[in-house]
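Below is my_file32.cif, holding mmCIF, C-alpha atoms and all ligand atoms.
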```
data_my_file
loop_
_atom_site.label_atom_id
_atom_site.label_comp_id
_atom_site.auth_asym_id
_atom_site.auth_seq_id
_atom_site.Cartn_x
_atom_site.Cartn_y
_atom_site.Cartn_z
CA MET A 1 90.14 -105.68 -175.94
CA ASN A 2 88.53 -103.05 -173.80
CA ASP A 3 86.80 -104.66 -170.81
CA THR A 4 85.61 -101.44 -169.16
CA PRO A 5 81.86 -102.00 -168.59
CA ARG A 6 79.70 -99.96 -170.92
CA VAL A 7 77.71 -97.45 -168.88
CA PRO A 8 74.33 -96.83 -170.48
CA PRO A 9 73.60 -93.09 -170.31
CA ARG A 10 69.82 -93.48 -170.45
CA VAL A 11 67.94 -96.31 -168.76
CA THR A 12 64.21 -97.02 -168.51
CA VAL A 13 62.86 -99.38 -165.86
CA ARG A 14 59.32 -100.51 -165.21
CA ALA A 15 58.20 -101.57 -161.71
CA SER A 16 54.89 -102.57 -160.16
CA PRO A 17 53.23 -101.44 -156.94
CA SER A 18 53.42 -103.52 -153.79
CA LEU A 19 50.00 -104.02 -152.25
CA ALA A 20 50.16 -104.80 -148.54
CA LEU A 21 47.94 -107.63 -147.30
CA ILE A 22 49.30 -107.04 -143.79
CA LYS A 23 50.16 -103.38 -143.39
CA TYR A 24 53.21 -101.35 -142.60
CA TRP A 25 52.09 -98.22 -140.77
CA GLY A 26 54.43 -96.25 -138.54
CA LYS A 27 58.18 -95.89 -138.26
CA LEU A 28 60.51 -97.50 -135.77
CA ASP A 29 63.20 -95.02 -136.80
CA THR A 30 62.05 -91.91 -138.64
CA GLU A 31 65.53 -90.81 -139.71
CA ARG A 32 66.33 -94.13 -141.35
CA ASN A 33 62.74 -94.84 -142.39
CA LEU A 34 62.60 -98.25 -140.73
CA PRO A 35 59.12 -99.77 -140.41
CA ALA A 36 57.53 -100.28 -136.99
CA THR A 37 55.32 -103.15 -138.15
CA PRO A 38 56.02 -106.15 -140.37
CA SER A 39 54.21 -106.17 -143.70
CA LEU A 40 53.31 -108.86 -146.19
CA ALA A 41 52.54 -107.79 -149.73
CA VAL A 42 51.93 -108.89 -153.27
CA THR A 43 53.54 -107.17 -156.24
CA LEU A 44 50.79 -106.44 -158.76
CA ASP A 45 51.00 -107.02 -162.49
CA ARG A 46 48.99 -104.72 -164.83
CA LEU A 47 49.96 -101.53 -162.92
CA PHE A 48 53.30 -99.89 -163.64
CA SER A 49 55.59 -96.97 -162.91
CA THR A 50 57.95 -96.39 -165.82
CA THR A 51 61.02 -94.35 -164.97
CA THR A 52 63.75 -93.08 -167.30
CA VAL A 53 67.01 -91.95 -165.76
CA THR A 54 70.02 -90.08 -167.14
CA PRO A 55 73.11 -88.89 -165.27
CA ALA A 56 72.80 -85.12 -164.67
CA ASP A 57 74.48 -82.17 -162.95
CA ALA A 58 71.93 -82.28 -160.09
CA ASP A 59 69.20 -84.64 -158.89
CA ARG A 60 65.81 -83.95 -160.45
CA VAL A 61 62.61 -86.00 -160.53
CA TYR A 62 59.59 -85.33 -162.72
CA LEU A 63 56.35 -87.15 -161.98
CA ASP A 64 54.05 -87.20 -164.99
CA GLY A 65 55.96 -84.11 -166.22
CA VAL A 66 55.65 -82.19 -162.94
CA PRO A 67 58.86 -81.46 -160.95
CA GLY A 68 58.85 -83.39 -157.66
CA ASP A 69 59.64 -81.76 -154.32
CA PRO A 70 63.46 -82.14 -153.82
CA HIS A 71 62.91 -82.67 -150.06
CA ARG A 72 61.11 -85.88 -150.89
CA TYR A 73 64.20 -87.22 -152.67
CA PHE A 74 67.39 -85.83 -151.23
CA GLN A 75 67.90 -88.50 -148.58
CA PHE A 76 67.13 -91.20 -151.09
CA PHE A 77 69.74 -89.93 -153.59
CA ASP A 78 72.36 -89.41 -150.88
CA THR A 79 71.85 -92.96 -149.64
CA LEU A 80 71.92 -94.24 -153.20
CA ARG A 81 75.29 -92.61 -153.92
CA ALA A 82 76.76 -93.82 -150.63
CA ARG A 83 75.54 -97.41 -151.03
CA LEU A 84 76.36 -97.70 -154.73
CA GLY A 85 79.72 -95.95 -154.43
CA THR A 86 79.00 -93.41 -157.14
CA SER A 87 79.23 -89.62 -157.24
CA LEU A 88 76.71 -89.25 -160.07
CA CYS A 89 73.53 -87.18 -159.85
CA PHE A 90 70.46 -88.21 -161.82
CA SER A 91 67.57 -86.73 -163.71
CA ALA A 92 64.50 -88.96 -163.66
CA GLU A 93 61.16 -88.86 -165.45
CA SER A 94 58.47 -91.12 -164.13
CA THR A 95 54.97 -91.91 -165.34
CA ASN A 96 52.35 -94.15 -163.81
CA SER A 97 49.80 -96.27 -165.64
CA PHE A 98 47.41 -95.48 -162.75
CA PRO A 99 46.53 -92.39 -160.65
CA THR A 100 49.57 -90.98 -158.79
CA ALA A 101 49.41 -90.41 -155.00
CA ALA A 102 45.84 -91.68 -154.78
CA GLY A 103 46.50 -94.59 -152.43
CA LEU A 104 47.56 -96.98 -155.19
CA ALA A 105 51.15 -97.36 -153.98
CA SER A 106 52.71 -95.22 -156.71
CA SER A 107 55.57 -94.35 -154.35
CA ALA A 108 56.42 -98.06 -154.01
CA SER A 109 56.67 -98.72 -157.75
CA GLY A 110 58.16 -95.27 -158.40
CA PHE A 111 61.10 -95.58 -155.98
CA ALA A 112 61.69 -99.22 -156.98
CA ALA A 113 61.94 -98.25 -160.65
CA LEU A 114 64.10 -95.25 -159.76
CA VAL A 115 66.69 -97.18 -157.73
CA CYS A 116 67.02 -99.89 -160.41
CA ALA A 117 67.38 -97.33 -163.21
CA CYS A 118 69.97 -95.26 -161.29
CA ALA A 119 72.07 -98.33 -160.44
CA ARG A 120 72.04 -99.41 -164.07
CA ALA A 121 72.85 -95.91 -165.32
CA ALA A 122 75.75 -95.78 -162.84
CA GLY A 123 77.00 -99.12 -164.16
CA VAL A 124 76.71 -100.73 -160.71
CA ASP A 125 75.55 -104.31 -160.45
CA ALA A 126 74.09 -104.19 -156.92
CA ALA A 127 72.39 -107.05 -155.08
CA ASP A 128 68.59 -106.91 -154.84
CA GLU A 129 68.93 -106.58 -151.08
CA THR A 130 71.02 -103.41 -151.48
CA LEU A 131 68.55 -101.95 -153.99
CA SER A 132 65.66 -102.81 -151.67
CA ALA A 133 67.37 -101.06 -148.74
CA ILE A 134 67.98 -97.93 -150.82
CA ALA A 135 64.38 -97.91 -152.10
CA ARG A 136 63.18 -98.17 -148.48
CA VAL A 137 64.73 -94.79 -147.72
CA GLY A 138 62.41 -93.23 -150.34
CA SER A 139 59.33 -95.16 -149.23
CA ALA A 140 59.28 -98.26 -147.03
CA SER A 141 56.75 -100.02 -149.24
CA ALA A 142 59.15 -99.52 -152.18
CA ALA A 143 61.57 -101.95 -150.53
CA ARG A 144 58.98 -104.65 -151.29
CA SER A 145 58.47 -103.62 -154.94
CA LEU A 146 62.03 -104.78 -155.68
CA TYR A 147 60.73 -108.34 -155.77
CA GLY A 148 57.96 -110.07 -157.69
CA GLY A 149 55.32 -112.33 -156.17
CA PHE A 150 54.71 -112.30 -152.42
CA VAL A 151 57.12 -110.23 -150.35
CA GLY A 152 57.73 -109.53 -146.67
CA LEU A 153 59.27 -106.57 -144.89
CA ASP A 154 59.98 -107.31 -141.24
CA ALA A 155 59.65 -104.71 -138.51
CA GLY A 156 62.90 -102.75 -138.28
CA ALA A 157 64.25 -104.42 -141.44
CA GLU A 158 66.59 -102.61 -143.83
CA ALA A 159 65.41 -104.60 -146.84
CA ALA A 160 62.42 -106.67 -147.92
CA ARG A 161 62.64 -110.40 -148.58
CA PRO A 162 60.97 -112.51 -151.25
CA ILE A 163 58.58 -115.03 -149.68
CA HIS A 164 56.97 -116.86 -152.61
CA PRO A 165 57.28 -116.30 -156.35
CA ALA A 166 54.16 -115.26 -158.29
CA SER A 167 53.80 -118.90 -159.41
CA HIS A 168 53.05 -119.91 -155.80
CA TRP A 169 49.42 -118.78 -156.21
CA PRO A 170 48.60 -118.18 -159.87
CA GLU A 171 44.86 -117.91 -159.12
CA PHE A 172 45.31 -115.09 -156.61
CA ARG A 173 43.80 -111.81 -157.77
CA ILE A 174 43.52 -108.27 -156.53
CA ILE A 175 40.59 -106.28 -157.88
CA VAL A 176 41.53 -102.62 -157.57
CA VAL A 177 38.43 -100.44 -157.26
CA ALA A 178 39.37 -96.79 -157.80
CA VAL A 179 36.42 -94.88 -156.36
CA THR A 180 38.11 -91.57 -157.25
CA THR A 181 41.14 -90.51 -159.30
CA GLY A 182 41.97 -87.42 -157.22
CA PRO A 183 45.20 -87.23 -155.19
CA LYS A 184 45.03 -87.90 -151.45
CA HIS A 185 44.87 -84.95 -149.04
CA THR A 186 47.48 -86.20 -146.54
CA SER A 187 50.70 -88.05 -147.38
CA SER A 188 51.13 -91.47 -145.78
CA ARG A 189 54.31 -90.17 -144.18
CA SER A 190 52.59 -87.37 -142.28
CA ALA A 191 49.53 -89.49 -141.45
CA MET A 192 51.64 -92.24 -139.91
CA ASP A 193 53.75 -89.77 -137.95
CA LEU A 194 50.57 -88.22 -136.60
CA ALA A 195 49.18 -91.64 -135.63
CA ARG A 196 52.38 -92.49 -133.80
CA SER A 197 52.47 -89.25 -131.89
CA THR A 198 48.75 -88.83 -131.12
CA SER A 199 46.68 -92.01 -131.45
CA PRO A 200 45.99 -93.85 -128.17
CA TYR A 201 45.67 -97.05 -130.25
CA TYR A 202 49.06 -96.84 -131.95
CA ARG A 203 50.95 -99.07 -129.48
CA GLU A 204 48.24 -101.67 -129.62
CA TRP A 205 48.38 -101.56 -133.43
CA VAL A 206 52.13 -102.17 -133.45
CA SER A 207 51.99 -105.00 -130.93
CA SER A 208 49.10 -106.79 -132.69
CA SER A 209 50.77 -106.65 -136.09
CA ALA A 210 53.43 -109.28 -135.36
CA ALA A 211 50.84 -112.02 -134.76
CA TRP A 212 48.81 -111.11 -137.87
CA TYR A 213 51.98 -111.22 -139.95
CA ALA A 214 53.07 -114.62 -138.59
CA GLU A 215 49.64 -116.11 -139.16
CA ALA A 216 49.30 -114.55 -142.60
CA LEU A 217 52.58 -116.19 -143.65
CA GLU A 218 51.03 -119.56 -142.79
CA ALA A 219 47.77 -118.78 -144.57
CA LEU A 220 49.71 -117.65 -147.63
CA ALA A 221 51.84 -120.82 -147.62
CA GLU A 222 48.58 -122.82 -147.58
CA ARG A 223 46.92 -120.54 -150.17
CA ASP A 224 44.01 -120.22 -147.74
CA ILE A 225 42.11 -117.14 -148.97
CA THR A 226 39.59 -117.15 -146.11
CA ARG A 227 42.19 -117.27 -143.38
CA LEU A 228 44.41 -114.76 -145.15
CA GLY A 229 41.42 -112.50 -145.85
CA GLY A 230 40.37 -112.42 -142.20
CA LEU A 231 43.88 -111.38 -141.19
CA MET A 232 43.99 -108.75 -143.94
CA ARG A 233 40.79 -107.27 -142.60
CA SER A 234 42.10 -107.17 -139.02
CA SER A 235 45.25 -105.45 -140.25
CA TYR A 236 43.72 -102.70 -142.38
CA LEU A 237 40.89 -101.91 -139.96
CA ALA A 238 43.31 -101.63 -137.04
CA MET A 239 45.60 -99.43 -139.16
CA PHE A 240 42.68 -97.12 -139.94
CA SER A 241 41.64 -97.04 -136.30
CA THR A 242 44.98 -95.35 -135.56
CA MET A 243 44.11 -92.72 -138.18
CA PHE A 244 40.54 -92.20 -137.00
CA THR A 245 41.86 -91.68 -133.46
CA SER A 246 44.71 -89.35 -134.42
CA ASN A 247 44.52 -85.72 -133.44
CA PRO A 248 43.42 -84.27 -135.81
CA PRO A 249 41.84 -87.42 -137.28
CA VAL A 250 42.83 -88.52 -140.77
CA ILE A 251 39.93 -89.86 -142.82
CA TYR A 252 40.84 -91.13 -146.28
CA TRP A 253 37.59 -93.01 -146.77
CA LEU A 254 34.90 -91.77 -149.15
CA PRO A 255 31.29 -92.96 -149.29
CA GLY A 256 32.30 -95.16 -152.24
CA SER A 257 34.96 -96.88 -150.13
CA LEU A 258 32.38 -97.91 -147.55
CA GLU A 259 30.00 -99.07 -150.27
CA VAL A 260 32.64 -101.44 -151.63
CA ILE A 261 33.41 -102.71 -148.12
CA LYS A 262 29.71 -103.47 -147.57
CA ARG A 263 29.47 -105.28 -150.90
CA CYS A 264 32.41 -107.48 -149.95
CA GLU A 265 30.61 -108.32 -146.70
CA GLU A 266 27.50 -109.29 -148.65
CA LEU A 267 29.53 -111.38 -151.08
CA ARG A 268 31.15 -113.26 -148.21
CA ALA A 269 27.72 -113.89 -146.67
CA GLU A 270 26.78 -115.49 -150.03
CA GLY A 271 29.87 -117.73 -149.82
CA ILE A 272 32.13 -115.78 -152.22
CA PRO A 273 35.53 -115.05 -150.65
CA ALA A 274 36.06 -111.34 -151.39
CA TRP A 275 38.37 -109.73 -148.84
CA GLU A 276 38.93 -106.01 -149.09
CA THR A 277 41.82 -103.90 -147.94
CA MET A 278 42.70 -100.20 -148.17
CA ASP A 279 45.79 -98.02 -147.94
CA ALA A 280 46.44 -94.33 -147.41
CA GLY A 281 43.66 -93.29 -149.75
CA PRO A 282 40.02 -94.03 -150.59
CA GLN A 283 40.59 -96.87 -153.09
CA VAL A 284 39.56 -100.39 -152.16
CA LYS A 285 41.46 -103.50 -153.22
CA ILE A 286 39.76 -106.86 -153.08
CA ALA A 287 41.72 -110.10 -152.65
CA CYS A 288 40.07 -113.13 -154.20
CA GLU A 289 40.72 -116.05 -156.53
CA ALA A 290 40.30 -116.04 -160.32
CA PRO A 291 37.03 -118.06 -160.47
CA HIS A 292 35.25 -115.40 -158.36
CA VAL A 293 36.43 -112.28 -160.20
CA GLU A 294 33.39 -112.02 -162.45
CA ALA A 295 30.85 -112.34 -159.63
CA ILE A 296 32.70 -109.72 -157.59
CA ILE A 297 32.86 -107.24 -160.47
CA ASP A 298 29.13 -107.81 -161.12
CA ALA A 299 28.43 -106.94 -157.48
CA ILE A 300 30.58 -103.78 -157.75
CA ASP A 301 28.65 -102.86 -160.90
CA PRO A 302 31.21 -100.46 -162.40
CA GLU A 303 28.87 -99.32 -165.15
CA ARG A 304 26.43 -97.91 -162.67
CA SER A 305 28.97 -96.73 -160.08
CA GLY A 306 31.51 -95.29 -162.58
CA TRP A 307 34.36 -96.72 -160.52
CA GLN A 308 37.46 -97.78 -162.40
CA ILE A 309 38.29 -101.46 -162.00
CA THR A 310 41.64 -103.17 -162.63
CA VAL A 311 42.17 -106.87 -162.05
CA ALA A 312 45.76 -107.69 -161.15
CA ALA A 313 47.54 -110.98 -160.51
CA PRO A 314 50.85 -111.52 -158.69
CA GLY A 315 53.42 -109.70 -160.81
CA ALA A 316 57.12 -109.51 -161.56
CA ALA A 317 60.17 -107.73 -160.18
CA PRO A 318 61.31 -104.46 -161.85
CA GLU A 319 62.43 -104.86 -165.42
CA ILE A 320 64.82 -102.83 -167.58
CA ILE A 321 62.79 -102.08 -170.67
CA GLU A 322 65.17 -99.79 -172.57
CA GLU A 323 68.75 -98.55 -172.52
CA ALA A 324 70.39 -96.27 -175.00
O1 LIG B 401 55.65 -96.63 -148.14
P1 LIG B 401 54.71 -95.52 -147.84
O2 LIG B 401 55.34 -94.42 -147.07
O3 LIG B 401 54.00 -95.03 -149.08
O4 LIG B 401 53.57 -96.10 -146.87
C1 LIG B 401 52.73 -97.16 -147.28
C2 LIG B 401 51.70 -97.40 -146.27
C3 LIG B 401 50.56 -98.31 -146.69
O5 LIG B 401 50.38 -98.34 -148.07
C4 LIG B 401 49.28 -97.78 -146.06
C5 LIG B 401 50.73 -99.73 -146.15
C6 LIG B 401 51.77 -100.58 -146.86
O6 LIG B 401 52.30 -101.47 -146.17
O7 LIG B 401 51.99 -100.43 -148.06
#
```
Would you mind giving the structure from this file in structure tokens?
Ligand code: PMV
Amino acid sequence: MNDTPRVPPRVTVRASPSLALIKYWGKLDTERNLPATPSLAVTLDRLFSTTTVTPADADRVYLDGVPGDPHRYFQFFDTLRARLGTSLCFSAESTNSFPTAAGLASSASGFAALVCACARAAGVDAADETLSAIARVGSASAARSLYGGFVGLDAGAEAARPIHPASHWPEFRIIVVAVTTGPKHTSSRSAMDLARSTSPYYREWVSSSAAWYAEALEALAERDITRLGGLMRSSYLAMFSTMFTSNPPVIYWLPGSLEVIKRCEELRAEGIPAWETMDAGPQVKIACEAPHVEAIIDAIDPERSGWQITVAAPGAAPEIIEEA
């Protein structure tokens, strides 16, 4: 009997984006890509990066058919080989079921799918914690996409940690309102570096984040959407204040973003808990519970506005969907 493990030469993995309720923004260690602030996120179902990997003579990544910039990947692949104990290089093709690089966390789902597919193609059965730490080198939010449900990434942490499975809050929803499909003008990496080096509010942002995170963990444990929503709002608005006060300022918001924010305010005034958040892009994501989804979408009025709406629930960890 031959008990050498079979190494699949071609592996396809699907992973979902990690939407931060409490934000990571800024690096404690730029070289190692360690986050300066703790973040709490939910992995979203309904949105996917699908990545197919084959061993190759050199590392290559194609995003929706377009070759990716090798500088964006070389540290990731070097870390991957060192941590997995392999000498293989990989060719990867990745597609997203949603707009790439538009502030919808495609780098989180993309790197999470990539690390899982490479490990499988290399025949290495690595712990989730190891895969999360490797994904973090590509994009810190990707460390969180290694897990389903609700996930935390502590300040300075190498890897994310699962906090609650998706079943903890089955009624929780995120309404993604894509006010544009265009790519963002500034990468999150350069915007956060700029905030750290130029914003007078950056230190304050980092020091406030620990308390929001701790309180958000309690609100999440209690499934208290109003308390969690208030903390989400403090977190994203403070994060953006570091961008608005950078030199030069970084402004991802579009008029549509502000319109959605105002509608959420109106909904809350009417007693409907609709708590928005935003990332490094103009899209708005609204946290709510299932019974309120319809009323919120009515208020957004996608037919008139033309905005693309996706309703996501807490989703699953990356999944191998094909090997050949
Ligand atoms: O992981 P990155 O480098 O794509 O940065 C993500 C930053 C935010 O999306 C704005 C916040 C977060 O915690 O996901």
I'd like the contact shell of Gly315 of chain A - 6 Å cut-off, all atoms listed in the file, skipping same-chain residues fewer than 5 positions apart - returned as a short mmCIF file (atom, residue, chain, number, x, y, z; two decimals) with C-alpha atoms, in the coordinates of the input.
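As written to disk, selection.cif reads:
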```
data_model
loop_
_atom_site.label_atom_id
_atom_site.label_comp_id
_atom_site.auth_asym_id
_atom_site.auth_seq_id
_atom_site.Cartn_x
_atom_site.Cartn_y
_atom_site.Cartn_z
CA THR A 43 53.54 -107.17 -156.24
CA LEU A 44 50.79 -106.44 -158.76
CA ASP A 45 51.00 -107.02 -162.49
CA GLY A 148 57.96 -110.07 -157.69
CA GLY A 149 55.32 -112.33 -156.17
#
```
Review point. Of the residues A:Ile22, A:Phe244, A:Val293, A:Pro318, which is the one nearest to Ala108 of chain A, using all atoms listed in the file?
Key: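 With all atoms listed in the file as the atom set, the closest residue is A:Pro318.
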Review point. Of the candidates A:Arg268, A:Arg189, A:Lys27, A:His168, which shows the shortest atom-to-atom distance to ligand LIG 401 (chain B), using only C-alpha atoms and all ligand atoms?
Key: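 The shortest atom-to-atom distance to ligand LIG 401 (chain B) comes from A:Arg189.
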Exercise for review: Would you list the residues near (41.3, -88.7, -153.1) (no more than 9 Å away, in the coordinates of the file, using only C-alpha atoms) as number ranges by chain?
Suggested key: A: 101-103, 179-185, 252-254, 281-283
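Minimum atom-to-atom distances from A:Ala238, A:Leu131, A:Ala178, A:Leu19 to ligand LIG 401 (chain B) were compared using only C-alpha atoms and all ligand atoms, and the lowest value belongs to A:Leu19.
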Practice item. Quote the spacing between atom CA of Gly110 of chain A and atom CA of Phe48 of chain A in Å to one decimal place. Key: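 Distance reported for this atom pair: 8.5 Å.
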**Study point:** Distance filter 9 Å around ligand LIG 401 (chain B), atoms: all atoms listed in the file, out as a VMD selection string
**Key:** chain A and resid 18 to 26 33 37 to 41 101 103 to 108 136 138 to 144 153 187 to 190 192 236 239 278 to 281
Practice item. For atom CA of Ala299 of chain A and atom CA of Arg263 of chain A, determine how far apart the two atoms are, in Å to one decimal place. Key: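 So the two atoms, atom CA of Ala299 of chain A and atom CA of Arg263 of chain A, lie 6.9 Å apart.
Within the 12 Å cut-off around Ala126 of chain A, using all atoms listed in the file and omitting residues fewer than 5 positions from it on the same chain, the listed residues are Leu80, Arg83, Leu84, Gly85, Thr86, Val115, Cys116, Ala117, Cys118, Ala119, Arg120, Ala121, Leu131, Ser132, Ala133 and Ile134 of chain A.
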Exercise for review: Select, from A:Gly152, A:Pro291, A:Pro249, A:Pro255, the residue with the minimum atom-to-atom distance to Thr186 of chain A, counting only C-alpha atoms.
Suggested key: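 Looking at the shortest contact to Thr186 of chain A, the residue is A:Pro249.
Across A:Arg227, A:Arg196, A:Arg81, A:Lys262, the tightest approach to Thr30 of chain A is made by A:Arg196 when counting all atoms listed in the file.
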Point to revise | Separation of atom CA of Ile175 of chain A from atom CA of Ala159 of chain A, in Å and rounded to one decimal | key: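 Between atom CA of Ile175 of chain A and atom CA of Ala159 of chain A the gap is 27.2 Å.
The closest residue to Pro35 of chain A, picked from A:Thr226, A:Thr242, A:Asn96, A:Ser209 and counting all atoms listed in the file, is A:Ser209.
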Practice item. Find the spatial neighbours of Arg233 of chain A, counting all atoms listed in the file, within a cut-off of 7 Å - ignore same-chain residues fewer than 4 positions away - and output them as number ranges by chain. Key: A: 229, 237, 276-277
Could you pull segment 112-149 of chain A out of the block above and save it with C-alpha atoms, as a compact mmCIF listing (two decimals), in the first residue's frame?
```
# COMPACT_ATOMS: atom_id res chain seq x y z
CA ALA A 112 -7.97 33.78 2.44
CA ALA A 113 -8.93 31.69 -0.59
CA LEU A 114 -5.37 31.89 -1.91
CA VAL A 115 -3.68 30.64 1.28
CA CYS A 116 -6.13 27.73 1.66
CA ALA A 117 -5.75 26.70 -1.99
CA CYS A 118 -1.92 26.89 -1.88
CA ALA A 119 -1.73 24.83 1.33
CA ARG A 120 -3.98 22.18 -0.19
CA ALA A 121 -2.07 22.16 -3.48
CA ALA A 122 1.17 21.75 -1.51
CA GLY A 123 -0.36 18.82 0.37
CA VAL A 124 0.12 20.57 3.73
CA ASP A 125 -2.53 20.19 6.39
CA ALA A 126 -1.90 23.43 8.31
CA ALA A 127 -3.82 24.68 11.34
CA ASP A 128 -6.33 27.48 10.75
CA GLU A 129 -4.20 29.71 12.96
CA THR A 130 -1.18 29.21 10.68
CA LEU A 131 -3.26 29.90 7.56
CA SER A 132 -4.72 33.01 9.20
CA ALA A 133 -1.23 34.31 10.06
CA ILE A 134 -0.04 33.77 6.48
CA ALA A 135 -3.15 35.45 5.03
CA ARG A 136 -2.50 38.43 7.34
CA VAL A 137 0.78 39.11 5.55
CA GLY A 138 -1.20 39.66 2.31
CA SER A 139 -3.91 41.75 3.95
CA ALA A 140 -4.64 41.98 7.67
CA SER A 141 -8.39 41.70 7.16
CA ALA A 142 -7.75 38.40 5.31
CA ALA A 143 -6.62 36.85 8.60
CA ARG A 144 -10.26 37.15 9.70
CA SER A 145 -11.71 35.62 6.51
CA LEU A 146 -10.17 32.27 7.51
CA TYR A 147 -13.07 31.79 9.90
CA GLY A 148 -16.84 31.85 9.50
CA GLY A 149 -19.24 33.76 11.73
```
